[in-house]
$ cat protein30.csv   # CSV, C-alpha atoms
chain,number,residue,atom,x,y,z
A,711,MET,CA,7.5,-60.5,-12.9
A,712,ALA,CA,5.8,-58.3,-10.3
A,713,ALA,CA,3.0,-56.0,-11.3
A,714,PRO,CA,4.0,-52.3,-11.2
A,715,SER,CA,1.7,-51.7,-8.2
A,716,ASP,CA,3.7,-54.4,-6.2
A,717,LEU,CA,6.9,-52.5,-6.6
A,718,PRO,CA,7.9,-50.7,-3.4
A,719,GLY,CA,7.3,-46.9,-3.7
A,720,VAL,CA,5.1,-46.9,-6.8
A,721,PRO,CA,1.7,-46.9,-5.0
A,722,ALA,CA,2.9,-44.0,-3.0
A,723,LEU,CA,3.8,-42.1,-6.1
A,724,GLY,CA,0.4,-42.8,-7.6
A,725,ALA,CA,-1.4,-39.8,-6.1
A,726,PRO,CA,1.2,-37.2,-7.1
A,727,LEU,CA,1.5,-38.6,-10.6
A,728,ARG,CA,-2.3,-38.3,-11.1
A,729,LEU,CA,-1.9,-34.6,-10.2
A,730,LEU,CA,0.4,-34.1,-13.3
A,731,THR,CA,-2.5,-34.7,-15.7
A,732,ARG,CA,-4.5,-32.0,-13.8
A,733,LEU,CA,-1.8,-29.3,-14.3
A,734,ASP,CA,-3.2,-26.9,-16.7
A,735,ARG,CA,-0.3,-25.5,-18.8
A,736,ARG,CA,-1.9,-22.8,-20.8
A,737,SER,CA,0.4,-21.3,-23.4
A,738,CYS,CA,-0.1,-18.7,-26.0
A,739,ASP,CA,1.0,-19.3,-29.6
A,740,LEU,CA,3.1,-16.4,-31.0
A,741,ASP,CA,1.5,-16.8,-34.4
A,742,ASP,CA,-2.0,-16.3,-32.9
A,743,VAL,CA,-0.8,-13.0,-31.3
A,744,VAL,CA,0.7,-11.9,-34.6
A,745,ALA,CA,-2.5,-12.7,-36.3
A,746,ALA,CA,-4.4,-10.7,-33.7
A,747,ALA,CA,-2.0,-7.8,-34.2
A,748,THR,CA,-2.5,-7.9,-38.0
A,749,ARG,CA,-6.3,-7.8,-37.4
A,750,LEU,CA,-5.8,-4.8,-35.1
A,751,CYS,CA,-3.6,-3.0,-37.6
A,752,ALA,CA,-6.3,-3.6,-40.3
A,753,ALA,CA,-9.1,-2.3,-38.1
A,754,GLY,CA,-7.1,0.6,-36.8
A,755,VAL,CA,-7.5,2.6,-33.6
A,756,PRO,CA,-8.5,6.3,-33.8
A,757,GLY,CA,-5.6,8.6,-33.0
A,758,LEU,CA,-3.0,5.9,-33.2
A,759,SER,CA,-0.8,4.8,-36.1
A,760,LEU,CA,-0.3,1.1,-35.9
A,761,GLN,CA,2.3,-0.9,-37.9
A,762,LEU,CA,3.3,-4.5,-37.6
A,763,GLU,CA,7.1,-5.2,-37.8
A,764,ASP,CA,7.0,-8.7,-39.1
A,765,ASP,CA,10.4,-9.9,-38.2
A,766,VAL,CA,10.3,-13.7,-38.0
A,767,ARG,CA,12.3,-13.9,-34.8
A,768,ARG,CA,11.1,-10.8,-32.9
A,769,PRO,CA,7.7,-9.6,-34.4
A,770,ALA,CA,6.7,-6.3,-32.9
A,771,LEU,CA,3.8,-3.9,-33.0
A,772,LEU,CA,4.8,-0.2,-33.5
A,773,VAL,CA,2.4,2.2,-31.9
A,774,GLU,CA,2.8,5.8,-32.9
A,775,GLU,CA,0.9,8.7,-31.3
A,776,ASP,CA,2.0,12.3,-31.7
A,777,GLU,CA,5.6,12.5,-30.6
A,778,ARG,CA,5.7,9.0,-28.9
A,779,LEU,CA,6.7,5.8,-30.6
A,780,TRP,CA,6.1,2.6,-28.6
A,781,ARG,CA,7.3,-0.8,-29.6
A,782,VAL,CA,5.4,-3.8,-28.2
A,783,ASP,CA,7.4,-7.0,-28.4
A,784,LEU,CA,4.8,-9.6,-29.4
A,785,ALA,CA,6.9,-12.5,-28.2
A,786,GLU,CA,7.1,-11.1,-24.7
A,787,LEU,CA,3.4,-10.4,-24.8
A,788,ALA,CA,2.7,-14.0,-25.8
A,789,ASP,CA,4.7,-15.1,-22.8
A,790,GLU,CA,2.9,-12.8,-20.4
A,791,LEU,CA,-0.7,-13.3,-21.5
A,792,PRO,CA,-1.3,-16.9,-20.1
A,793,ALA,CA,-0.5,-15.7,-16.6
A,794,THR,CA,-3.0,-12.9,-16.8
A,795,GLY,CA,-5.9,-15.3,-17.1
A,796,ALA,CA,-7.0,-13.8,-20.4
A,797,ASP,CA,-9.0,-15.7,-22.9
A,798,LEU,CA,-6.5,-17.0,-25.5
A,799,GLY,CA,-9.0,-17.5,-28.4
A,800,PRO,CA,-9.0,-15.1,-31.3
A,801,ALA,CA,-11.6,-12.8,-29.8
A,802,GLY,CA,-9.9,-12.9,-26.4
A,803,LEU,CA,-6.5,-12.0,-28.0
A,804,ASP,CA,-8.1,-9.1,-29.9
A,805,ARG,CA,-9.5,-7.8,-26.6
A,806,ALA,CA,-6.2,-8.4,-24.7
A,807,LEU,CA,-4.2,-6.4,-27.4
A,808,ARG,CA,-6.6,-3.5,-27.2
A,809,GLU,CA,-6.3,-3.5,-23.4
A,810,HIS,CA,-2.5,-3.6,-23.7
A,811,LEU,CA,-2.7,-0.5,-25.8
A,812,THR,CA,-4.0,1.4,-22.8
A,813,ARG,CA,-0.5,1.0,-21.3
A,814,ARG,CA,1.0,3.1,-24.1
A,815,PRO,CA,3.1,6.1,-23.1
A,816,VAL,CA,1.2,9.3,-22.3
A,817,THR,CA,1.8,12.0,-24.9
A,818,ASP,CA,2.5,15.6,-23.9
A,819,ALA,CA,-0.9,16.7,-25.4
A,820,GLU,CA,-2.8,14.1,-23.3
A,821,ALA,CA,-0.9,15.0,-20.1
A,822,ALA,CA,-1.7,18.7,-20.7
A,823,ARG,CA,-5.4,17.9,-21.4
A,824,ARG,CA,-6.2,15.5,-18.5
A,825,GLY,CA,-3.2,14.8,-16.4
A,826,VAL,CA,-3.7,14.6,-12.6
A,827,ALA,CA,-0.9,15.1,-10.0
A,828,VAL,CA,-0.5,12.0,-7.7
A,829,LEU,CA,2.2,10.8,-5.4
A,830,ALA,CA,4.2,7.8,-6.6
A,831,TRP,CA,7.3,5.9,-5.5
A,832,ALA,CA,10.5,7.3,-7.0
A,833,GLY,CA,14.2,7.3,-6.4
A,834,PRO,CA,16.9,4.7,-7.1
A,835,ALA,CA,15.6,2.3,-4.4
A,836,GLY,CA,11.9,3.2,-5.1
A,837,ASP,CA,11.3,4.3,-1.5
A,838,ASP,CA,11.1,8.1,-2.0
A,839,LEU,CA,8.0,9.9,-2.8
A,840,ALA,CA,7.6,12.2,-5.8
A,841,TRP,CA,4.8,13.9,-7.6
A,842,GLN,CA,3.9,12.5,-10.9
A,843,VAL,CA,1.5,13.5,-13.7
A,844,ALA,CA,-0.7,10.6,-14.4
A,845,VAL,CA,-3.6,9.9,-16.8
A,846,ALA,CA,-6.4,7.5,-16.0
A,847,ARG,CA,-7.2,5.1,-18.7
A,848,GLY,CA,-10.0,2.8,-17.7
A,849,ASP,CA,-9.0,1.5,-14.2
A,850,LEU,CA,-5.3,2.0,-15.1
A,851,LEU,CA,-3.3,5.0,-14.1
A,852,VAL,CA,-0.4,5.7,-16.5
A,853,GLY,CA,2.4,8.0,-15.6
A,854,TRP,CA,3.7,10.7,-17.9
A,855,THR,CA,7.4,11.3,-18.5
A,856,PRO,CA,8.2,14.5,-20.3
A,857,HIS,CA,9.6,14.0,-23.8
A,858,PRO,CA,13.3,14.9,-24.1
A,859,PHE,CA,12.4,17.6,-26.7
A,860,THR,CA,9.6,19.1,-24.6
A,861,GLY,CA,10.4,22.6,-23.4
A,862,ALA,CA,10.9,23.3,-19.7
A,863,LEU,CA,8.1,25.9,-19.6
A,864,ASP,CA,5.7,23.4,-21.2
A,865,VAL,CA,6.6,20.8,-18.6
A,866,LEU,CA,6.0,23.3,-15.8
A,867,ALA,CA,2.6,24.3,-17.4
A,868,VAL,CA,1.5,20.6,-17.6
A,869,ARG,CA,2.5,20.1,-13.9
A,870,ASP,CA,0.7,23.2,-12.7
A,871,ALA,CA,-2.5,22.1,-14.6
A,872,ALA,CA,-2.2,18.6,-13.2
A,873,ARG,CA,-1.9,20.0,-9.7
A,874,ALA,CA,-5.0,22.2,-10.2
A,875,ARG,CA,-6.9,19.3,-11.7
A,876,ALA,CA,-6.0,17.0,-8.7
A,877,ALA,CA,-7.8,19.3,-6.4
A,878,ASP,CA,-11.0,18.4,-8.2
A,879,VAL,CA,-10.6,14.6,-7.9
A,880,VAL,CA,-13.4,13.2,-5.8
A,881,VAL,CA,-11.9,11.8,-2.6
A,882,ARG,CA,-13.8,10.2,0.2
A,883,CYS,CA,-13.0,11.4,3.7
A,884,SER,CA,-13.7,9.1,6.7
A,885,VAL,CA,-12.9,9.8,10.3
A,886,GLU,CA,-11.5,7.2,12.6
A,887,GLY,CA,-11.0,8.8,16.0
A,888,PRO,CA,-8.1,11.3,15.6
A,889,VAL,CA,-7.3,9.9,12.1
A,890,LEU,CA,-8.6,11.3,8.9
A,891,LEU,CA,-8.6,8.7,6.1
A,892,LEU,CA,-8.7,9.7,2.4
A,893,ASP,CA,-9.7,7.2,-0.2
A,894,ALA,CA,-10.7,7.4,-3.9
A,895,ASP,CA,-12.4,5.0,-6.3
A,896,ALA,CA,-9.1,4.3,-8.0
A,897,PRO,CA,-6.6,3.6,-5.1
A,898,LEU,CA,-3.8,5.5,-6.8
A,899,LEU,CA,-5.9,8.6,-7.0
A,900,ALA,CA,-6.2,8.9,-3.2
A,901,THR,CA,-3.0,11.0,-3.0
A,902,ALA,CA,-4.4,13.5,-5.5
A,903,ALA,CA,-6.1,15.2,-2.6
A,904,LEU,CA,-2.7,16.0,-1.1
A,905,ALA,CA,-2.1,18.4,-4.1
A,906,ALA,CA,-4.3,20.9,-2.3
A,907,PRO,CA,-3.7,20.1,1.4
A,908,GLU,CA,-5.2,23.3,2.6
A,909,GLN,CA,-8.6,22.2,1.3
A,910,VAL,CA,-8.3,19.0,3.4
A,911,VAL,CA,-7.3,20.9,6.5
A,912,ALA,CA,-10.3,23.2,6.1
A,913,ARG,CA,-12.6,20.2,5.5
A,914,SER,CA,-11.2,18.3,8.5
A,915,ALA,CA,-11.8,21.3,10.8
A,916,GLU,CA,-15.5,21.1,9.8
A,917,LEU,CA,-15.4,17.4,10.8
A,918,GLY,CA,-14.0,18.4,14.2
A,919,LEU,CA,-10.4,17.3,13.6
A,920,LEU,CA,-7.3,19.4,14.5
A,921,LEU,CA,-4.9,18.5,11.7
A,922,ALA,CA,-3.3,21.9,11.2
A,923,ASP,CA,0.1,20.6,12.4
A,924,GLY,CA,-0.5,17.0,11.7
A,925,SER,CA,1.4,14.5,9.6
A,926,VAL,CA,0.4,12.5,6.6
A,927,VAL,CA,1.1,8.8,6.2
A,928,VAL,CA,1.4,8.1,2.4
A,929,THR,CA,1.6,4.7,0.7
A,930,PRO,CA,1.0,5.1,-3.0
A,931,GLY,CA,-1.9,2.9,-4.0
A,932,ARG,CA,-3.4,2.8,-0.5
A,933,PRO,CA,-5.6,5.2,1.3
A,934,VAL,CA,-3.9,8.2,2.9
A,935,ALA,CA,-4.0,8.7,6.7
A,936,TRP,CA,-3.7,12.1,8.2
A,937,ALA,CA,-3.3,12.5,12.0
A,938,PRO,CA,-1.6,14.5,14.7
A,939,ARG,CA,2.1,13.9,14.7
A,940,ALA,CA,2.2,11.4,17.6
A,941,VAL,CA,-0.7,9.4,16.3
A,942,ALA,CA,0.7,9.3,12.8
A,943,ALA,CA,4.0,8.0,14.3
A,944,ARG,CA,2.0,5.3,16.2
A,945,LEU,CA,0.1,4.4,13.1
A,946,ALA,CA,3.1,3.9,10.9
A,947,GLY,CA,5.4,2.7,13.7
A,948,GLU,CA,4.7,-0.9,12.8
A,949,GLY,CA,7.2,-0.6,9.9
A,950,VAL,CA,6.2,-3.7,8.1
A,951,GLU,CA,4.5,-1.8,5.2
A,952,PRO,CA,6.5,0.6,3.1
A,953,CYS,CA,5.2,4.1,3.8
A,954,VAL,CA,6.3,7.7,4.2
A,955,VAL,CA,5.3,9.9,7.2
A,956,LEU,CA,5.9,13.6,6.7
A,957,PRO,CA,4.4,16.9,8.0
A,958,TRP,CA,1.8,18.0,5.5
A,959,ARG,CA,3.5,21.4,4.9
A,960,GLN,CA,6.3,19.5,3.2
A,961,LEU,CA,4.0,17.9,0.6
A,962,ALA,CA,4.4,20.9,-1.7
A,963,ASP,CA,8.2,20.6,-1.5
A,964,LEU,CA,8.4,17.0,-2.8
A,965,PRO,CA,10.1,16.8,-6.1
A,966,TRP,CA,8.6,15.8,-9.4
A,967,ALA,CA,9.3,12.4,-10.9
B,393,MET,CA,39.9,4.8,30.0
B,394,ASP,CA,37.6,3.5,27.3
B,395,GLU,CA,35.1,6.3,26.4
B,396,CYS,CA,32.4,3.8,25.6
B,397,ALA,CA,32.1,2.8,29.2
B,398,LEU,CA,31.0,6.3,30.1
B,399,LEU,CA,27.9,6.2,27.9
B,400,PRO,CA,24.6,5.5,29.7
B,401,ILE,CA,23.5,2.0,29.1
B,402,ASP,CA,20.3,3.2,27.3
B,403,GLU,CA,22.4,5.0,24.7
B,404,VAL,CA,24.6,2.0,24.1
B,405,SER,CA,21.8,-0.4,23.7
B,406,GLY,CA,19.9,2.0,21.5
B,407,THR,CA,22.5,1.9,18.8
B,408,GLY,CA,23.9,-1.5,19.6
B,409,GLU,CA,23.4,-5.0,18.4
B,410,PRO,CA,19.9,-6.2,19.3
B,411,TYR,CA,17.9,-3.1,18.4
B,412,GLY,CA,20.1,-2.2,15.4
B,413,THR,CA,19.6,-5.5,13.7
B,414,VAL,CA,15.8,-5.4,14.3
B,415,LEU,CA,15.6,-2.0,12.6
B,416,GLU,CA,17.6,-3.1,9.6
B,417,ARG,CA,15.5,-6.2,9.1
B,418,LYS,CA,12.3,-4.2,9.2
B,419,GLY,CA,11.0,-5.7,6.0
B,420,SER,CA,11.2,-9.2,7.3
B,421,VAL,CA,9.5,-8.6,10.7
B,422,SER,CA,6.3,-10.5,10.8
B,423,ALA,CA,3.0,-9.0,11.8
B,424,MET,CA,3.0,-11.2,14.9
B,425,SER,CA,6.3,-9.9,16.2
B,426,MET,CA,6.9,-7.1,18.6
B,427,VAL,CA,7.7,-3.6,17.4
B,428,TYR,CA,10.5,-1.4,18.5
B,429,GLU,CA,9.3,2.2,18.3
B,430,GLN,CA,12.3,4.4,17.7
B,431,SER,CA,11.0,7.8,18.9
B,432,THR,CA,9.9,6.8,22.3
B,433,ARG,CA,11.9,3.6,22.7
B,434,VAL,CA,8.8,1.7,23.7
B,435,VAL,CA,8.0,-1.8,22.5
B,436,LEU,CA,4.4,-2.1,21.3
B,437,VAL,CA,3.0,-5.7,21.5
B,438,PRO,CA,0.0,-6.7,19.4
B,439,HIS,CA,-3.0,-8.0,21.2
B,440,TRP,CA,-5.5,-9.6,18.7
B,441,LEU,CA,-8.9,-8.4,19.8
B,442,SER,CA,-12.3,-9.1,18.3
B,443,ALA,CA,-14.7,-6.2,17.6
B,444,ALA,CA,-16.7,-7.1,20.7
B,445,ASP,CA,-13.6,-7.1,22.9
B,446,ARG,CA,-12.5,-3.8,21.5
B,447,ASP,CA,-15.9,-2.2,22.2
B,448,ALA,CA,-16.0,-3.6,25.7
B,449,LEU,CA,-12.4,-2.3,26.3
B,450,ALA,CA,-13.4,1.1,25.1
B,451,THR,CA,-16.5,1.2,27.3
B,452,SER,CA,-14.6,0.1,30.4
B,453,ILE,CA,-11.9,2.7,29.8
B,454,GLU,CA,-14.4,5.5,29.2
B,455,ALA,CA,-16.1,4.5,32.5
B,456,ALA,CA,-12.8,4.5,34.3
B,457,LEU,CA,-11.9,8.0,32.9
B,458,THR,CA,-15.0,9.5,34.6
B,459,ARG,CA,-13.7,8.3,38.0
B,460,ALA,CA,-12.4,11.1,40.2
B,461,ASP,CA,-9.8,9.0,42.0
B,462,LEU,CA,-8.0,7.9,38.8
B,463,PRO,CA,-4.3,8.9,38.9
B,464,ALA,CA,-3.5,11.4,36.1
B,465,THR,CA,-0.7,9.4,34.7
B,466,THR,CA,-2.9,6.3,34.4
B,467,ALA,CA,-5.5,8.5,32.7
B,468,ASP,CA,-3.0,9.6,30.1
B,469,ARG,CA,-2.1,6.0,29.3
B,470,LEU,CA,-5.7,5.0,29.1
B,471,VAL,CA,-6.3,7.9,26.6
B,472,ASP,CA,-3.4,6.4,24.6
B,473,VAL,CA,-5.2,3.0,24.6
B,474,LEU,CA,-8.4,4.6,23.3
B,475,THR,CA,-6.3,6.3,20.6
B,476,GLU,CA,-4.7,2.9,19.7
B,477,LEU,CA,-8.2,1.4,19.3
B,478,HIS,CA,-8.9,3.9,16.6
B,479,VAL,CA,-5.4,3.7,15.1
B,480,ALA,CA,-5.7,-0.1,14.9
B,481,ARG,CA,-8.9,0.3,12.8
B,482,ALA,CA,-7.2,3.0,10.6
B,483,ARG,CA,-4.1,0.8,10.2
B,484,ASP,CA,-6.4,-2.0,8.9
B,485,VAL,CA,-8.0,0.4,6.3
B,486,VAL,CA,-4.6,1.6,5.0
B,487,TRP,CA,-2.7,-1.7,5.0
B,488,PRO,CA,-5.2,-4.6,5.4
B,489,SER,CA,-2.9,-7.3,3.9
B,490,SER,CA,-0.6,-8.2,6.8
B,491,ALA,CA,-3.4,-8.6,9.4
B,492,ALA,CA,-5.5,-10.5,6.8
B,493,ARG,CA,-2.6,-12.9,6.2
B,494,VAL,CA,-2.5,-13.7,9.9
B,495,ARG,CA,-6.3,-14.2,10.1
B,496,LEU,CA,-6.1,-16.5,7.0
B,497,VAL,CA,-3.5,-18.6,8.7
B,498,THR,CA,-5.1,-18.7,12.2
B,499,GLY,CA,-8.7,-18.8,11.1
B,500,TRP,CA,-9.7,-15.9,13.4
B,501,ASP,CA,-12.8,-13.9,12.6
B,502,PRO,CA,-12.5,-11.0,10.1
B,503,ASP,CA,-13.2,-8.5,12.8
B,504,THR,CA,-10.0,-9.5,14.8
B,505,LEU,CA,-7.4,-6.7,14.7
B,506,PRO,CA,-4.0,-6.3,16.3
B,507,VAL,CA,-4.2,-3.6,19.0
B,508,ARG,CA,-0.6,-2.6,19.8
B,509,LEU,CA,0.0,-1.7,23.4
B,510,SER,CA,3.1,-0.8,25.4
B,511,ALA,CA,3.7,-2.6,28.7
B,512,MET,CA,2.7,0.5,30.6
B,513,GLU,CA,-0.6,0.9,28.7
B,514,LEU,CA,-1.3,-2.8,29.2
B,515,ALA,CA,-0.6,-2.6,32.9
B,516,CYS,CA,-2.8,0.5,33.4
B,517,THR,CA,-5.6,-1.2,31.5
B,518,LEU,CA,-5.3,-4.4,33.5
B,519,SER,CA,-5.3,-2.4,36.8
B,520,LEU,CA,-8.9,-1.2,36.1
B,521,PRO,CA,-11.6,-2.9,38.2
B,522,GLU,CA,-14.1,-1.9,35.4
B,523,LEU,CA,-12.5,-4.3,33.0
B,524,THR,CA,-14.9,-7.2,32.1
B,525,PRO,CA,-13.5,-10.8,32.5
B,526,PRO,CA,-13.7,-11.6,28.8
B,527,VAL,CA,-11.6,-8.5,27.9
B,528,ARG,CA,-9.1,-9.3,30.6
B,529,ALA,CA,-8.9,-12.8,29.3
B,530,ALA,CA,-8.4,-11.6,25.7
B,531,LEU,CA,-5.6,-9.2,26.8
B,532,THR,CA,-3.8,-11.7,29.0
B,533,GLY,CA,-4.4,-15.1,27.4
B,534,GLY,CA,-6.0,-16.7,24.3
B,535,ARG,CA,-4.9,-15.0,21.1
B,536,SER,CA,-2.5,-12.7,23.1
B,537,LEU,CA,-0.3,-15.5,24.2
$ encode --input "protein30.csv" --output "structure tokens"
Amino acid sequence: MAAPSDLPGVPALGAPLRLLTRLDRRSCDLDDVVAAATRLCAAGVPGLSLQLEDDVRRPALLVEEDERLWRVDLAELADELPATGADLGPAGLDRALREHLTRRPVTDAEAARRGVAVLAWAGPAGDDLAWQVAVARGDLLVGWTPHPFTGALDVLAVRDAARARAADVVVRCSVEGPVLLLDADAPLLATAALAAPEQVVARSAELGLLLADGSVVVTPGRPVAWAPRAVAARLAGEGVEPCVVLPWRQLADLPWA
Amino acid sequence: MDECALLPIDEVSGTGEPYGTVLERKGSVSAMSMVYEQSTRVVLVPHWLSAADRDALATSIEAALTRADLPATTADRLVDVLTELHVARARDVVWPSSAARVRLVTGWDPDTLPVRLSAMELACTLSLPELTPPVRAALTGGRSL
């Protein structure tokens, strides 16, 4: 009988087959995540009320803060965690769960206290711009949606306060020929400067730019470019990247998400 | 008589097949491809220039703009080219990923940027005697082919 390596085709398969052993299939055990959630509930997080819903099939962590109730499906989390590259040991899972808690919904009180107005994608196709009240948690920016029971006047007050606070966000200005570029430490915060466009126009006049009837090129999460209309059209004319070009006076008329 | 036949050819082609499909497929147009600019109906073609090439190009254009015998229309186009050199850098700050992808595939230097010029802007630039041979080569051959 012929040795396996003498068979036609088998030597050619050798190299790819050796690759199989090198595939690192990390997986996260649901029981480990539930154990981490139990430890988290026992330790507690100030301001949050944590409760473990120990259903055998769909265990979940219930996070309650003021008027918001958030349900974290632990099975889904266990599926997502290996892809994030997080450490899957007990200590790593504890850290990952605490980091996941920063994604919890923003309460009305927190939005009123430290919400900032930024521009975000909105609309059914996700290609319209809209103002959004967002709260920075670590390097994450979480959007605020008004609670159904929040009064309209309270919503307006939160939005006004967020717009006023956005004017104080530190935004770096750099000049590239006729183009003014606005960038912030957190990329999503770069659009905060557009909440007070008059300030930017005044600042650009000091830098020697004439942007009084210019257009802004906005891509949420990317630096904002501000240039005379023809230059802005040229800048965005490439059309490969999703962006919105609009005269800066229309910024205040954009809807709220 | 068919009314469509009375339309000027430009208007027909502007809404017709070739340009219409290009605009609809915007998302899939690669960074290397030509761009159809809707407002002015001018195609801007990317020329991948290194930082040294761009500096030399700007220097030669600035030198040409000081000449008294330069036609005014040429001067306008050359100012547009100077603007484009700035816009190319700004574009790379705002959306770095598509040019970075091309550089990754081709192995070009990180300071290589697509400078998008219309045919008229390119012709005016190439007509300058001030243009240095390396820049002329970069605009007509090499990475621009």
$ residues_near_point --input "protein30.csv" --point "(-6.3, -0.6, 7.9)" --cutoff "12 Å" --atoms "only C-alpha atoms" --output "ChimeraX atom specification"
/A:886,889,891-893,929,932-935,945-946,951 /B:477-492,503-507
$ atom_distance --input "protein30.csv" --atom1 "CA of Gly799 (chain A)" --atom2 "CA of Leu784 (chain A)"
15.9 Å
$ atom_distance --input "protein30.csv" --atom1 "CA of Pro438 (chain B)" --atom2 "CA of Leu509 (chain B)"
6.4 Å
$ residues_around --input "protein30.csv" --residues "Pro525 (chain B)" --least-positions-apart "5" --cutoff "12 Å" --atoms "all atoms listed in the file" --output "list in words"
Asp445, Ala448, Leu449, Ser452, Leu518, Leu520, Ala530, Leu531, Thr532 and Gly533 of chain B
$ closest_residue --input "protein30.csv" --among "B:Val471, B:Ala529, B:Cys516, B:Ala460" --to "chain A" --atoms "all atoms listed in the file"
B:Val471
$ atom_distance --input "protein30.csv" --atom1 "CA of Val955 (chain A)" --atom2 "CA of Trp936 (chain A)"
9.3 Å
$ residues_around --input "protein30.csv" --residues "Phe859 (chain A)" --least-positions-apart "6" --cutoff "12 Å" --atoms "all atoms listed in the file" --output "list in words"
Glu777, Arg778, Asp818 and Val865 of chain A
$ closest_residue --input "protein30.csv" --among "B:Leu462, B:Leu523, B:Leu441, B:Ala515" --to "Pro502 (chain B)" --atoms "all atoms listed in the file"
B:Leu441
$ closest_residue --input "protein30.csv" --among "B:Ala450, B:Ala444, B:Ala455, B:Leu474" --to "chain A" --atoms "all atoms listed in the file"
B:Leu474
$ residues_near_point --input "protein30.csv" --point "(0.3, 1.2, -22.6)" --cutoff "12 Å" --atoms "only C-alpha atoms" --output "ChimeraX atom specification"
/A:772-775,778-782,806-817,845-848,850-854
$ closest_residue --input "protein30.csv" --among "A:Leu760, A:Val755, A:Ala940, A:Ala785" --to "chain B" --atoms "all atoms listed in the file"
A:Ala940
$ closest_residue --input "protein30.csv" --among "A:Leu890, A:Ala877, A:Ala746, A:Ala840" --to "chain B" --atoms "all atoms listed in the file"
A:Leu890
$ residues_around --input "protein30.csv" --residues "region 909-922 of chain A" --least-positions-apart "6" --cutoff "7 Å" --atoms "only C-alpha atoms" --output "VMD selection string"
chain A and resid 888 937 to 938
$ residues_around --input "protein30.csv" --residues "Ala967 (chain A)" --least-positions-apart "5" --cutoff "8 Å" --atoms "only C-alpha atoms" --output "PDB file with C-alpha atoms, keeping the file's coordinate frame"
ATOM      1  CA  ALA A 832      10.500   7.300  -7.000  1.00  0.00           C
ATOM      2  CA  ALA A 840       7.600  12.200  -5.800  1.00  0.00           C
ATOM      3  CA  TRP A 841       4.800  13.900  -7.600  1.00  0.00           C
ATOM      4  CA  GLN A 842       3.900  12.500 -10.900  1.00  0.00           C
ATOM      5  CA  THR A 855       7.400  11.300 -18.500  1.00  0.00           C
TER       6      THR A 855
END
